Every structure is written in C-alpha cells, then in structure tokens.
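> Below is the file entry-v7.csv, which contains CSV, C-alpha atoms and all ligand atoms.
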chain,number,residue,atom,x,y,z
A,6,MET,CA,-13.9,-9.4,90.0
A,7,THR,CA,-17.1,-10.1,91.8
A,8,ASP,CA,-20.0,-7.8,91.5
A,9,PRO,CA,-19.9,-5.3,94.5
A,10,ASN,CA,-23.5,-4.3,94.0
A,11,PRO,CA,-26.4,-5.3,96.2
A,12,PRO,CA,-28.9,-7.9,94.9
A,13,TYR,CA,-32.3,-6.7,93.8
A,14,LEU,CA,-34.0,-8.9,96.4
A,15,TYR,CA,-32.9,-8.3,100.0
A,16,PRO,CA,-35.9,-9.0,102.3
A,17,PRO,CA,-34.5,-7.1,105.3
A,18,TYR,CA,-35.2,-4.0,103.2
A,19,GLY,CA,-38.9,-4.4,103.1
A,20,SER,CA,-39.6,-2.6,99.8
A,21,THR,CA,-37.5,-5.1,97.8
A,22,PRO,CA,-39.7,-8.2,97.7
A,23,LEU,CA,-42.5,-6.6,95.5
A,24,ARG,CA,-40.1,-4.6,93.4
A,25,ALA,CA,-37.2,-6.9,92.7
A,26,PRO,CA,-37.1,-8.6,89.3
A,27,SER,CA,-37.4,-12.4,89.8
A,28,ARG,CA,-36.2,-13.6,86.3
A,29,PRO,CA,-32.6,-13.8,85.5
A,30,LEU,CA,-31.1,-10.7,83.9
A,31,VAL,CA,-30.3,-11.1,80.2
A,32,MET,CA,-26.7,-10.4,79.2
A,33,PRO,CA,-26.9,-7.8,76.4
A,34,SER,CA,-24.9,-8.4,73.3
A,35,TYR,CA,-24.3,-4.7,72.6
A,36,GLY,CA,-22.9,-4.0,69.1
A,37,PRO,CA,-20.2,-1.3,68.8
A,38,ASP,CA,-22.7,1.4,68.1
A,39,ALA,CA,-25.1,0.6,71.0
A,40,ILE,CA,-26.4,3.7,72.7
A,41,GLU,CA,-25.6,2.1,76.1
A,42,LEU,CA,-21.9,2.4,75.3
A,43,VAL,CA,-22.0,6.3,75.3
A,44,SER,CA,-23.5,8.7,77.8
A,45,PRO,CA,-25.5,11.9,77.7
A,46,VAL,CA,-23.2,14.9,78.1
A,47,PHE,CA,-24.1,18.1,79.9
A,48,GLY,CA,-22.7,21.6,79.6
A,49,HIS,CA,-21.6,24.2,82.1
A,50,GLU,CA,-24.2,26.6,80.7
A,51,GLU,CA,-26.9,24.2,81.9
A,52,LEU,CA,-25.9,24.6,85.6
A,53,GLY,CA,-26.3,27.5,87.9
A,54,LEU,CA,-23.1,29.0,89.5
A,55,LEU,CA,-24.3,28.2,93.0
A,56,ASP,CA,-25.6,24.7,92.2
A,57,ASN,CA,-22.7,23.1,94.0
A,58,ASP,CA,-23.1,25.2,97.2
A,59,LEU,CA,-26.1,24.1,99.1
A,60,THR,CA,-25.4,26.7,101.8
A,61,ARG,CA,-26.0,29.7,99.5
A,62,GLN,CA,-29.2,28.8,97.8
A,63,HIS,CA,-31.3,30.9,100.2
A,64,SER,CA,-31.1,34.4,101.8
A,65,GLY,CA,-29.6,33.0,105.1
A,66,ASP,CA,-27.2,30.3,106.3
A,67,PRO,CA,-28.6,26.9,106.9
A,68,ILE,CA,-28.3,25.4,110.4
A,69,GLY,CA,-25.7,22.7,110.9
A,70,GLU,CA,-22.1,21.7,110.6
A,71,ARG,CA,-20.7,23.2,107.4
A,72,ILE,CA,-18.8,20.7,105.3
A,73,ILE,CA,-16.9,20.5,102.0
A,74,VAL,CA,-17.4,17.3,100.2
A,75,THR,CA,-14.9,16.6,97.4
A,76,GLY,CA,-13.7,13.6,95.5
A,77,ARG,CA,-13.0,12.2,92.0
A,78,VAL,CA,-15.1,10.3,89.6
A,79,LEU,CA,-12.9,7.5,88.2
A,80,ASP,CA,-13.4,4.8,85.6
A,81,SER,CA,-12.7,1.1,86.2
A,82,GLY,CA,-9.0,1.7,85.3
A,83,GLY,CA,-8.6,4.5,87.8
A,84,ARG,CA,-8.6,7.2,85.1
A,85,PRO,CA,-10.5,10.4,86.0
A,86,VAL,CA,-13.8,11.1,84.3
A,87,PRO,CA,-13.9,14.8,83.4
A,88,ASN,CA,-17.1,16.7,82.7
A,89,ALA,CA,-19.4,14.1,84.4
A,90,LEU,CA,-22.6,15.4,85.9
A,91,VAL,CA,-22.8,14.7,89.6
A,92,GLU,CA,-26.1,15.4,91.4
A,93,ILE,CA,-26.7,15.2,95.1
A,94,TRP,CA,-29.6,15.5,97.6
A,95,GLN,CA,-29.8,15.1,101.3
A,96,ALA,CA,-31.7,15.7,104.6
A,97,ASN,CA,-30.9,18.8,106.6
A,98,ALA,CA,-28.9,18.9,109.8
A,99,ALA,CA,-31.9,17.7,111.7
A,100,GLY,CA,-32.5,14.7,109.5
A,101,ARG,CA,-35.5,16.2,107.6
A,102,TYR,CA,-36.0,16.2,103.8
A,103,ILE,CA,-37.9,19.1,102.2
A,104,HIS,CA,-39.9,16.4,100.4
A,105,LEU,CA,-43.7,16.3,100.6
A,106,ARG,CA,-43.9,12.7,101.5
A,107,GLU,CA,-41.5,13.1,104.3
A,108,GLN,CA,-43.1,12.6,107.8
A,109,HIS,CA,-40.3,12.8,110.2
A,110,PRO,CA,-41.2,15.3,112.9
A,111,ALA,CA,-37.9,17.2,112.8
A,112,PRO,CA,-37.7,20.9,111.8
A,113,LEU,CA,-37.4,22.1,108.2
A,114,ASP,CA,-34.7,24.7,107.6
A,115,PRO,CA,-36.0,27.6,105.5
A,116,ASN,CA,-32.4,28.2,104.4
A,117,PHE,CA,-31.8,24.6,103.1
A,118,THR,CA,-33.2,22.8,100.1
A,119,GLY,CA,-30.7,20.0,100.1
A,120,ALA,CA,-30.1,19.5,96.4
A,121,GLY,CA,-27.0,20.3,94.3
A,122,ARG,CA,-25.2,19.5,91.1
A,123,CYS,CA,-21.9,20.1,89.4
A,124,LEU,CA,-19.7,18.8,86.6
A,125,THR,CA,-16.3,17.2,87.3
A,126,ASP,CA,-13.2,19.1,86.3
A,127,ALA,CA,-10.4,18.0,84.0
A,128,ASP,CA,-9.1,15.8,86.9
A,129,GLY,CA,-12.5,14.2,87.4
A,130,ARG,CA,-12.9,16.2,90.7
A,131,TYR,CA,-16.3,17.3,92.1
A,132,ARG,CA,-16.8,19.7,95.0
A,133,PHE,CA,-19.8,20.5,97.1
A,134,VAL,CA,-20.3,22.8,100.1
A,135,THR,CA,-23.2,21.7,102.3
A,136,VAL,CA,-24.1,20.9,105.9
A,137,LYS,CA,-23.7,17.5,107.5
A,138,PRO,CA,-27.0,15.7,107.2
A,139,GLY,CA,-28.7,14.2,110.2
A,140,ALA,CA,-29.7,10.6,110.7
A,141,TYR,CA,-33.4,10.0,110.3
A,142,PRO,CA,-36.0,7.3,111.2
A,143,TRP,CA,-37.9,5.4,108.6
A,144,GLY,CA,-40.7,2.8,108.6
A,145,ASN,CA,-38.8,-0.3,107.5
A,146,HIS,CA,-38.9,-2.0,110.9
A,147,HIS,CA,-39.3,-1.1,114.6
A,148,ASN,CA,-36.9,1.7,115.5
A,149,ALA,CA,-35.2,1.9,112.1
A,150,TRP,CA,-32.8,4.8,111.4
A,151,ARG,CA,-30.8,5.6,108.3
A,152,PRO,CA,-27.2,6.5,109.0
A,153,ALA,CA,-26.4,10.0,107.9
A,154,HIS,CA,-25.9,10.0,104.1
A,155,ILE,CA,-25.8,12.1,101.0
A,156,HIS,CA,-27.4,10.7,97.9
A,157,PHE,CA,-25.3,10.8,94.7
A,158,SER,CA,-26.3,10.4,91.1
A,159,VAL,CA,-23.4,10.2,88.5
A,160,PHE,CA,-23.1,9.9,84.8
A,161,GLY,CA,-20.0,8.3,83.3
A,162,THR,CA,-18.9,7.9,79.7
A,163,ALA,CA,-21.3,5.1,79.0
A,164,PHE,CA,-24.9,4.7,80.0
A,165,THR,CA,-24.1,1.3,81.5
A,166,GLN,CA,-22.0,3.2,84.1
A,167,ARG,CA,-24.9,5.4,85.3
A,168,LEU,CA,-24.7,5.2,89.1
A,169,VAL,CA,-27.0,6.3,91.9
A,170,THR,CA,-25.7,5.6,95.4
A,171,GLN,CA,-25.2,7.1,98.8
A,172,MET,CA,-22.2,8.5,100.6
A,173,TYR,CA,-21.8,7.8,104.3
A,174,PHE,CA,-19.7,9.3,107.1
A,175,PRO,CA,-16.9,7.5,108.9
A,176,GLY,CA,-17.7,5.6,112.1
A,177,ASP,CA,-21.4,5.9,112.0
A,178,PRO,CA,-22.9,3.6,114.8
A,179,LEU,CA,-26.0,3.0,112.6
A,180,PHE,CA,-24.2,1.0,109.9
A,181,ALA,CA,-24.7,-2.3,111.6
A,182,TYR,CA,-28.5,-1.7,111.8
A,183,ASP,CA,-29.2,-0.3,108.3
A,184,PRO,CA,-30.5,-2.9,105.8
A,185,ILE,CA,-29.8,-0.6,102.9
A,186,PHE,CA,-26.1,-0.3,103.8
A,187,GLN,CA,-26.0,-4.0,104.7
A,188,SER,CA,-27.6,-5.1,101.4
A,189,ILE,CA,-24.1,-4.9,99.9
A,190,PRO,CA,-22.8,-8.4,100.6
A,191,ASP,CA,-19.1,-7.7,100.7
A,192,GLU,CA,-17.7,-5.7,103.7
A,193,LYS,CA,-14.9,-4.2,101.5
A,194,ALA,CA,-17.5,-3.1,99.0
A,195,ARG,CA,-19.6,-1.5,101.8
A,196,GLU,CA,-16.5,0.5,102.9
A,197,ARG,CA,-16.4,2.0,99.4
A,198,LEU,CA,-19.4,4.1,100.4
A,199,VAL,CA,-17.9,5.6,103.5
A,200,SER,CA,-16.1,8.9,103.0
A,201,ARG,CA,-13.0,9.9,105.0
A,202,PHE,CA,-12.4,12.9,107.1
A,203,ASP,CA,-10.2,15.2,105.0
A,204,ILE,CA,-8.1,17.7,107.1
A,205,ASP,CA,-6.3,18.9,104.0
A,206,THR,CA,-9.6,20.3,102.5
A,207,THR,CA,-10.9,21.9,105.7
A,208,VAL,CA,-10.9,25.7,105.9
A,209,PRO,CA,-9.8,27.1,109.2
A,210,ASP,CA,-12.6,28.9,111.1
A,211,TRP,CA,-15.0,28.0,108.4
A,212,SER,CA,-15.6,24.4,107.3
A,213,LEU,CA,-14.8,20.7,107.9
A,214,ALA,CA,-14.3,18.4,105.0
A,215,TYR,CA,-14.9,14.9,103.8
A,216,GLN,CA,-13.4,13.1,100.8
A,217,TRP,CA,-15.0,10.4,98.7
A,218,ASP,CA,-14.0,8.9,95.3
A,219,ILE,CA,-16.5,7.3,93.1
A,220,VAL,CA,-15.4,4.4,90.8
A,221,LEU,CA,-17.6,3.6,87.9
A,222,GLY,CA,-18.2,0.1,86.7
A,223,ALA,CA,-16.3,-1.5,83.7
A,224,THR,CA,-18.2,-1.0,80.4
A,225,PRO,CA,-18.9,-4.0,78.2
A,226,THR,CA,-16.0,-3.0,76.0
A,227,GLU,CA,-13.6,-2.7,78.9
A,228,ALA,CA,-14.6,-6.1,80.3
B,25,MET,CA,-13.6,-2.5,92.6
B,26,SER,CA,-16.4,-0.2,91.6
B,27,THR,CA,-18.6,1.9,93.9
B,28,PRO,CA,-21.7,-0.1,94.8
B,29,SER,CA,-25.2,1.1,94.0
B,30,GLN,CA,-27.7,2.1,96.6
B,31,THR,CA,-31.4,2.8,96.2
B,32,VAL,CA,-32.5,6.3,95.0
B,33,GLY,CA,-34.9,6.2,97.9
B,34,PRO,CA,-38.2,8.1,98.1
B,35,PHE,CA,-36.9,11.7,98.5
B,36,PHE,CA,-35.2,12.5,95.2
B,37,GLY,CA,-38.2,14.5,94.0
B,38,TYR,CA,-36.8,18.0,94.5
B,39,ALA,CA,-33.4,17.0,93.2
B,40,LEU,CA,-33.5,14.8,90.1
B,41,PRO,CA,-36.7,15.7,88.0
B,42,TYR,CA,-36.6,19.0,86.1
B,43,ALA,CA,-39.1,20.9,84.1
B,44,ASP,CA,-37.8,19.9,80.6
B,45,GLY,CA,-37.0,16.3,81.7
B,46,PRO,CA,-39.7,14.5,79.7
B,47,TYR,CA,-38.9,16.5,76.5
B,48,VAL,CA,-36.2,14.8,74.4
B,49,VAL,CA,-37.7,17.0,71.7
B,50,PRO,CA,-40.3,19.7,72.1
B,51,GLU,CA,-43.8,18.6,71.2
B,52,TRP,CA,-43.9,21.0,68.2
B,53,HIS,CA,-41.0,19.1,66.6
B,54,PRO,CA,-42.4,17.8,63.3
B,55,ASP,CA,-41.4,14.2,64.0
B,56,SER,CA,-42.3,14.1,67.7
B,57,ILE,CA,-43.9,11.0,69.1
B,58,ARG,CA,-45.2,10.4,72.6
B,59,ILE,CA,-44.3,7.4,74.7
B,60,ARG,CA,-46.2,6.8,77.9
B,61,GLY,CA,-46.4,4.0,80.3
B,62,ARG,CA,-46.6,2.9,83.9
B,63,VAL,CA,-44.1,1.3,86.3
B,64,LEU,CA,-45.7,-1.6,88.2
B,65,ASP,CA,-44.7,-3.9,91.0
B,66,GLY,CA,-45.1,-7.6,91.4
B,67,ALA,CA,-48.6,-7.2,92.7
B,68,GLY,CA,-49.5,-5.1,89.7
B,69,GLU,CA,-49.6,-1.9,91.8
B,70,PRO,CA,-48.2,1.3,90.3
B,71,LEU,CA,-45.1,2.9,91.7
B,72,PRO,CA,-45.7,6.5,92.6
B,73,ASP,CA,-42.0,7.1,93.4
B,74,ALA,CA,-40.1,5.8,90.5
B,75,LEU,CA,-37.7,7.7,88.2
B,76,VAL,CA,-37.5,6.8,84.5
B,77,GLU,CA,-34.6,7.8,82.3
B,78,ILE,CA,-34.3,7.3,78.5
B,79,TRP,CA,-31.3,7.8,76.2
B,80,GLN,CA,-31.4,7.4,72.5
B,81,ALA,CA,-29.9,8.3,69.1
B,82,ASP,CA,-31.5,10.8,66.8
B,83,ALA,CA,-33.6,10.1,63.7
B,84,ASP,CA,-30.4,9.5,61.7
B,85,GLY,CA,-29.0,7.2,64.2
B,86,ASN,CA,-26.5,9.8,65.5
B,87,VAL,CA,-25.7,10.4,69.2
B,88,ALA,CA,-26.2,13.9,70.6
B,89,ARG,CA,-22.9,15.2,71.9
B,90,GLY,CA,-23.8,18.8,72.6
B,91,GLY,CA,-25.6,18.6,75.9
B,92,GLY,CA,-28.8,20.6,76.3
B,93,ALA,CA,-30.9,18.1,78.3
B,94,LEU,CA,-31.0,20.1,81.5
B,95,ARG,CA,-31.5,23.4,80.0
B,96,ARG,CA,-32.8,23.4,76.4
B,97,ALA,CA,-31.1,26.6,75.1
B,98,GLY,CA,-32.4,26.3,71.6
B,99,LYS,CA,-31.3,22.8,71.0
B,100,ASP,CA,-34.2,20.7,69.7
B,101,PHE,CA,-32.8,17.2,70.4
B,102,SER,CA,-30.9,16.2,73.6
B,103,GLY,CA,-31.1,12.4,73.4
B,104,PHE,CA,-31.8,12.2,77.1
B,105,GLY,CA,-35.0,12.3,79.1
B,106,ARG,CA,-36.0,12.0,82.7
B,107,CYS,CA,-39.5,11.7,84.2
B,108,GLY,CA,-40.6,10.9,87.7
B,109,THR,CA,-43.8,8.8,87.9
B,110,ASP,CA,-47.0,10.4,89.2
B,111,ALA,CA,-49.3,9.0,91.9
B,112,ALA,CA,-50.7,6.5,89.4
B,113,GLY,CA,-47.3,5.3,88.3
B,114,ASN,CA,-47.4,7.1,85.0
B,115,PHE,CA,-44.5,8.5,83.1
B,116,TRP,CA,-44.3,10.0,79.6
B,117,PHE,CA,-41.8,11.4,77.1
B,118,SER,CA,-42.0,13.6,74.0
B,119,THR,CA,-39.3,12.2,71.7
B,120,ILE,CA,-38.6,11.0,68.2
B,121,LYS,CA,-38.2,7.5,66.8
B,122,PRO,CA,-34.4,6.9,66.6
B,123,GLY,CA,-32.8,5.8,63.3
B,124,GLY,CA,-31.4,2.4,62.5
B,125,PRO,CA,-32.7,-0.9,61.3
B,126,ALA,CA,-34.3,-1.8,64.7
B,127,PRO,CA,-34.9,1.5,66.4
B,128,TYR,CA,-34.7,1.3,70.2
B,129,ILE,CA,-34.5,3.6,73.3
B,130,ALA,CA,-32.4,2.6,76.3
B,131,VAL,CA,-34.3,2.8,79.6
B,132,LEU,CA,-33.2,2.9,83.3
B,133,VAL,CA,-35.7,2.8,86.1
B,134,PHE,CA,-34.8,3.8,89.6
B,135,ALA,CA,-37.1,3.5,92.7
B,136,ARG,CA,-37.3,3.1,96.4
B,137,GLY,CA,-37.0,-0.6,96.9
B,138,LEU,CA,-34.6,-1.0,93.9
B,139,LEU,CA,-31.1,-1.3,95.3
B,140,LYS,CA,-29.8,-0.8,91.8
B,141,PRO,CA,-31.6,0.4,88.7
B,142,VAL,CA,-33.2,-1.9,86.1
B,143,ALA,CA,-32.1,-1.5,82.5
B,144,THR,CA,-34.3,-2.3,79.5
B,145,ARG,CA,-34.9,-1.2,76.0
B,146,ILE,CA,-38.0,0.1,74.1
B,147,TYR,CA,-38.3,-1.3,70.6
B,148,PHE,CA,-41.0,-0.3,68.1
B,149,PRO,CA,-43.7,-2.6,66.7
B,150,GLY,CA,-43.7,-3.6,63.0
B,151,GLU,CA,-40.0,-3.0,62.4
B,152,PRO,CA,-38.6,-5.7,60.1
B,153,GLY,CA,-35.1,-5.1,61.7
B,154,ASN,CA,-36.3,-6.3,65.1
B,155,ALA,CA,-36.0,-9.9,63.9
B,156,THR,CA,-32.2,-9.7,63.4
B,157,ASP,CA,-31.4,-7.2,66.2
B,158,PRO,CA,-28.5,-8.8,68.2
B,159,VAL,CA,-29.8,-7.6,71.6
B,160,LEU,CA,-33.5,-8.5,71.0
B,161,SER,CA,-32.6,-11.8,69.5
B,162,ALA,CA,-30.7,-12.9,72.6
B,163,VAL,CA,-33.9,-12.5,74.7
B,164,PRO,CA,-36.0,-15.7,75.1
B,165,VAL,CA,-38.7,-15.7,72.4
B,166,ASP,CA,-41.6,-15.8,74.8
B,167,ARG,CA,-40.4,-12.6,76.6
B,168,ARG,CA,-39.4,-10.5,73.6
B,169,ASP,CA,-42.7,-8.7,73.4
B,170,THR,CA,-42.1,-7.1,76.9
B,171,LEU,CA,-39.5,-4.9,75.1
B,172,VAL,CA,-41.8,-3.8,72.2
B,173,ALA,CA,-43.9,-0.7,72.7
B,174,VAL,CA,-47.6,-0.9,71.8
B,175,GLN,CA,-48.8,1.5,69.2
B,176,GLU,CA,-51.7,3.6,70.5
B,177,GLY,CA,-52.0,6.2,67.8
B,178,GLU,CA,-50.2,7.4,64.7
B,179,ARG,CA,-47.6,9.1,66.9
B,180,SER,CA,-48.1,7.6,70.3
B,181,TYR,CA,-46.9,4.5,72.0
B,182,ARG,CA,-47.3,2.7,75.3
B,183,PHE,CA,-44.5,1.0,77.2
B,184,ASP,CA,-45.2,-0.4,80.7
B,185,VAL,CA,-42.4,-1.6,83.0
B,186,HIS,CA,-43.4,-4.6,85.1
B,187,LEU,CA,-40.7,-5.0,87.7
B,188,ARG,CA,-41.8,-8.5,88.7
B,189,GLY,CA,-44.4,-11.2,88.1
B,190,GLU,CA,-46.2,-12.9,85.2
B,191,GLN,CA,-45.6,-10.0,82.8
B,192,GLU,CA,-42.1,-9.1,84.1
B,193,THR,CA,-40.2,-6.9,81.7
B,194,VAL,CA,-36.8,-8.2,80.4
B,195,PHE,CA,-34.0,-6.5,82.2
B,196,PHE,CA,-30.4,-6.4,81.1
B,197,GLU,CA,-27.2,-7.1,83.1
B,198,ARG,CA,-25.4,-3.9,84.0
B,199,TYR,CA,-22.3,-5.4,85.7
B,200,PHE,CA,-19.4,-6.3,83.2
B,201,GLY,CA,-16.6,-7.4,85.5
A,301,FE,FE,-31.9,9.5,102.2
Please express what this file holds, its structure, as structure tokens.

Amino acid sequence: MTDPNPPYLYPPYGSTPLRAPSRPLVMPSYGPDAIELVSPVFGHEELGLLDNDLTRQHSGDPIGERIIVTGRVLDSGGRPVPNALVEIWQANAAGRYIHLREQHPAPLDPNFTGAGRCLTDADGRYRFVTVKPGAYPWGNHHNAWRPAHIHFSVFGTAFTQRLVTQMYFPGDPLFAYDPIFQSIPDEKARERLVSRFDIDTTVPDWSLAYQWDIVLGATPTEA
Amino acid sequence: MSTPSQTVGPFFGYALPYADGPYVVPEWHPDSIRIRGRVLDGAGEPLPDALVEIWQADADGNVARGGGALRRAGKDFSGFGRCGTDAAGNFWFSTIKPGGPAPYIAVLVFARGLLKPVATRIYFPGEPGNATDPVLSAVPVDRRDTLVAVQEGERSYRFDVHLRGEQETVFFERYFG
C-alpha cells in the first residue's frame, strides 16, 4: 500500500519549506519492547462529563448550525480501537478561533470555546456535539481560505499510530483551492478526510449529523 | 488505506496543551530530571507554535498502563508528557530517566507547516548501552549525536530539535505499509 500521507515539503503551503526535514527519514528497527509499539492510555476519570459537547461548555447556546459528529477509530485491519483518546478543536460558526494569534475579523462567540475530547467506546465509536465551523481566510497566498474543518487528534494502541488530522464537510467548494487539503497526493486518500452527511444520526427538530471514520496506520509489527 | 495526516495548524493552543502536560513526574519526585530544549526551523529560527509530546518507560523499564497523564489524581508517573513551545521556541519536561541498557524517550513534534509530525528519540549521554542499541546503531554515525541529550547539570539535560538544515535532527519513518 502506498503512503497516503502528505510529504513534509509541499511548497504551495508556504510554511513547509523552512520546516520540512530535508534528510531521508531513518527506518527504525524497533525491538519488541520499544515504547513506540505501545500508546499512552487515558481514563474516563480524567475527562469532564461535558468535554464532548462543545455546545454546553458555557451558560448559553453557541450561534450556528448544531451538528453531531460521530465515527469510529479503526486499526489498519478494520478492527475498532476502544478507549482511544480523541481530541478536537475548531473555529466557531463565523470562522473565528478563540486563539490569541487569530486575526480574522469575524465575531467571537462568548458561548463557544471550540475544544472537546472523549474516549472511544467498546466499538471504537466517538461522538461530539458541536456547531458547524465556518471557513476562514489565512495568509498563505492572496485570497486564501481554509475549507470548513474540525481538527482531530487521536491516540491508537501504538505511539507510531498517533494521528493529528482534519475532518472536512462534503462538497466544500474550497477543496480545490486549499493547499493543505491538496498536499495529500492521492485523490482517494484526500476523500478519506471528508465526512458524510448522516441522516440516521440526526435528531429531529434539534441537530444535523456527520459521520467520519478514522483509520490508523499499520504498526511496525502489523506491517 | 489509513486516514492521512494534516497539520496541527497554529490554533491548537486552547485545545491540546494542559496544565500538567510537562510533568511526566512531579518535580518533587526524588529521581526527577528536567529536559529542556528548543524547536528550530531551517533558518535556525525558533518555532513559537510547535507542540512536543514525549512517551517513555519508567525507571524499571516498565510501561505505564494506568492513565493519569491528563489529570494526575495521585499517580506520580504517567509516561506521557505534552508541552507547547513558548515565544522563543522553548519546551521543557519534568520526568525521570527510563530504565534499560540504553535509556531513551520517544518524541513527536507537531507544528504549523508540518503536514505530519516528526518522530525522534532522546538518548542520554555516557550510556554504555547506546553503542549496541538497535535503533541508534541504524542511524548514520555522523548524525547519531543529534539524538543524544546534552547534560547541563546533575539532573538537567538539553535536547534541541532542528527540523531542517546543517544540524538537522534524525527523524524516523512513521509509515509502515
Ligand atoms: Fe483550522
């Protein structure tokens, strides 16, 4: 199988030329007890009850289209990964992050921080309630806009599987113009980052829903 | 086919770092050491927006299986640490030297401009086992010292991560087919 990941150096994304390693990666000859073959584990007692509901972290409701985002974390053989820590962060419905370095002149929402986390259940399933993030401009090139996305950080069963990525929404017209999305060479691999509208998970009179599965890479022992 | 990586971007600051992140052990732990360093780009400029994660065995070489990294709750060793770099590119951890013949700590660095993380290891200076460690031995001789921390004090070490350039740190492959 070919590597679906983007290269380090992708000049259309202007931050890569000074930060991309230039030397070839070294193939590690991990012994059976290498720490990279196992992962940190996290317990339910470490998370807050509302950590996975980004719409209930303040006194009021955030502005925006309420959505439920669910999916499963799977290993390279398609087996569910239970008890995996999934962390997310995103812009608000207007495309603005709460971050200090953020300069986009769109409104902040006092009822939305935009960060959440949860542990996958026995079937590897995660579930977040949030609002659909807005697209936002960035300084990469003239008139550059990021397609709407939710950032995901995932732990698997091995530290080599540790994944940080972004989930997108179906049919976004900005895909063709986004060098971060386009940095993934293979079109089929890019499609792996696009969620699907999920009518079965919607809640009538309350929330729309999107579904997105995350498949972790093969570990050295699986390869 | 696995889900591809995307950059962590610049805006993870209110989501990923957490108060106890740099403490793999509390500083009062009798065996605590401090590791500090900087993340630098190909022009030698520090990265103010990188995230460094470490993962390691305990002093006996055992792996922590009980959680406790996010919220300490009385556990004094979590094995996992996370630290965002400051404006000058600095990160630090309070931890212990892991057990084993060639003690090492696994490291991942995420940053805006890194479409996927870089993976490396911190080894310790003066360890006789370093010479026969299978991972370190597979690294070209002239680049091995990029993986060895510099001793700064009795219990303090320095480990800089050079993403690119003359002093580029050795990074390991993370894709295994
Ligand atoms: Fe973003």
> Around (-19.6, -1.9, 94.2) in the file's own coordinates, what residues are found within 10 Å if you use all atoms listed in the file, given back as a count of residues only?
26
> Could I get the residue neighbourhood of ligand FE 301 (chain A) at 7 Å, counting all atoms listed in the file, as an mmCIF file with C-alpha atoms, keeping the file's coordinate frame?

data_model
loop_
_atom_site.group_PDB
_atom_site.id
_atom_site.type_symbol
_atom_site.label_atom_id
_atom_site.label_comp_id
_atom_site.auth_asym_id
_atom_site.auth_seq_id
_atom_site.Cartn_x
_atom_site.Cartn_y
_atom_site.Cartn_z
ATOM 1 C CA GLN A 95 -29.800 15.100 101.300
ATOM 2 C CA ALA A 96 -31.700 15.700 104.600
ATOM 3 C CA HIS A 154 -25.900 10.000 104.100
ATOM 4 C CA ILE A 155 -25.800 12.100 101.000
ATOM 5 C CA HIS A 156 -27.400 10.700 97.900
ATOM 6 C CA GLY B 33 -34.900 6.200 97.900
ATOM 7 C CA PHE B 35 -36.900 11.700 98.500
#
> Between atom CA of A:Val134 and atom CA of A:Leu55, what distance in Å does the model show, to one decimal?
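Distance between the two atoms: 9.8 Å.
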> Quick one: of B:His53, B:Arg62, B:Arg182, B:Arg89, who's nearest to chain A, counting only C-alpha atoms?
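Using only C-alpha atoms, the shortest distance to chain A belongs to B:Arg89.
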> What's the separation between atom CA of B:Ile57 and atom CA of B:Glu178, in Å to one decimal place?
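Computed distance, atom CA of B:Ile57 to atom CA of B:Glu178, equals 8.5 Å.
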> May I have the protein, DNA and RNA residues with an atom at most 8 Å from (-31.7, 27.6, 104.0), counting all atoms listed in the file in the file's coordinates, returned as a PyMOL selection string?
chain A and resi 60-68+114-118
> How far is it from atom CA of A:Phe174 to atom CA of A:Asn57, in Å with one decimal?
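About the pair atom CA of A:Phe174 and atom CA of A:Asn57: they are 19.3 Å apart.
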> Select residues of chain B: the criterion is any atom within 6 Å of an atom of chain A, counting only C-alpha atoms; output as a list in words.
Ser26, Thr27, Pro28, Ser29, Gln30, Phe35, Ala39, Asp65, Gly66, Gly91, Leu94, Arg95, Gly137, Leu139, Val159, Leu187, Arg188, Phe195, Phe196, Glu197, Arg198, Phe200 and Gly201 of chain B
> Can you tell me, as a ChimeraX atom specification, what residues are no more than 12 Å from B:Ala155 when counting all atoms listed in the file, ignoring any on the same chain fewer than 2 positions away?
/B:125-127,147-153,157-163,165,168-169,172
> Any idea what's packed within 8 Å of stretch 136-142 of chain A, counting all atoms listed in the file, ignoring anything in its chain fewer than 5 positions away? Could you give it as number ranges by chain?
A: 59-60, 67-72, 95-101, 109, 148-155
> If you count all atoms listed in the file, which residues fall within 8 Å of A:Asp128, apart from same-chain ones fewer than 4 positions away, as a VMD selection string?
chain A and resid 77 85 to 87
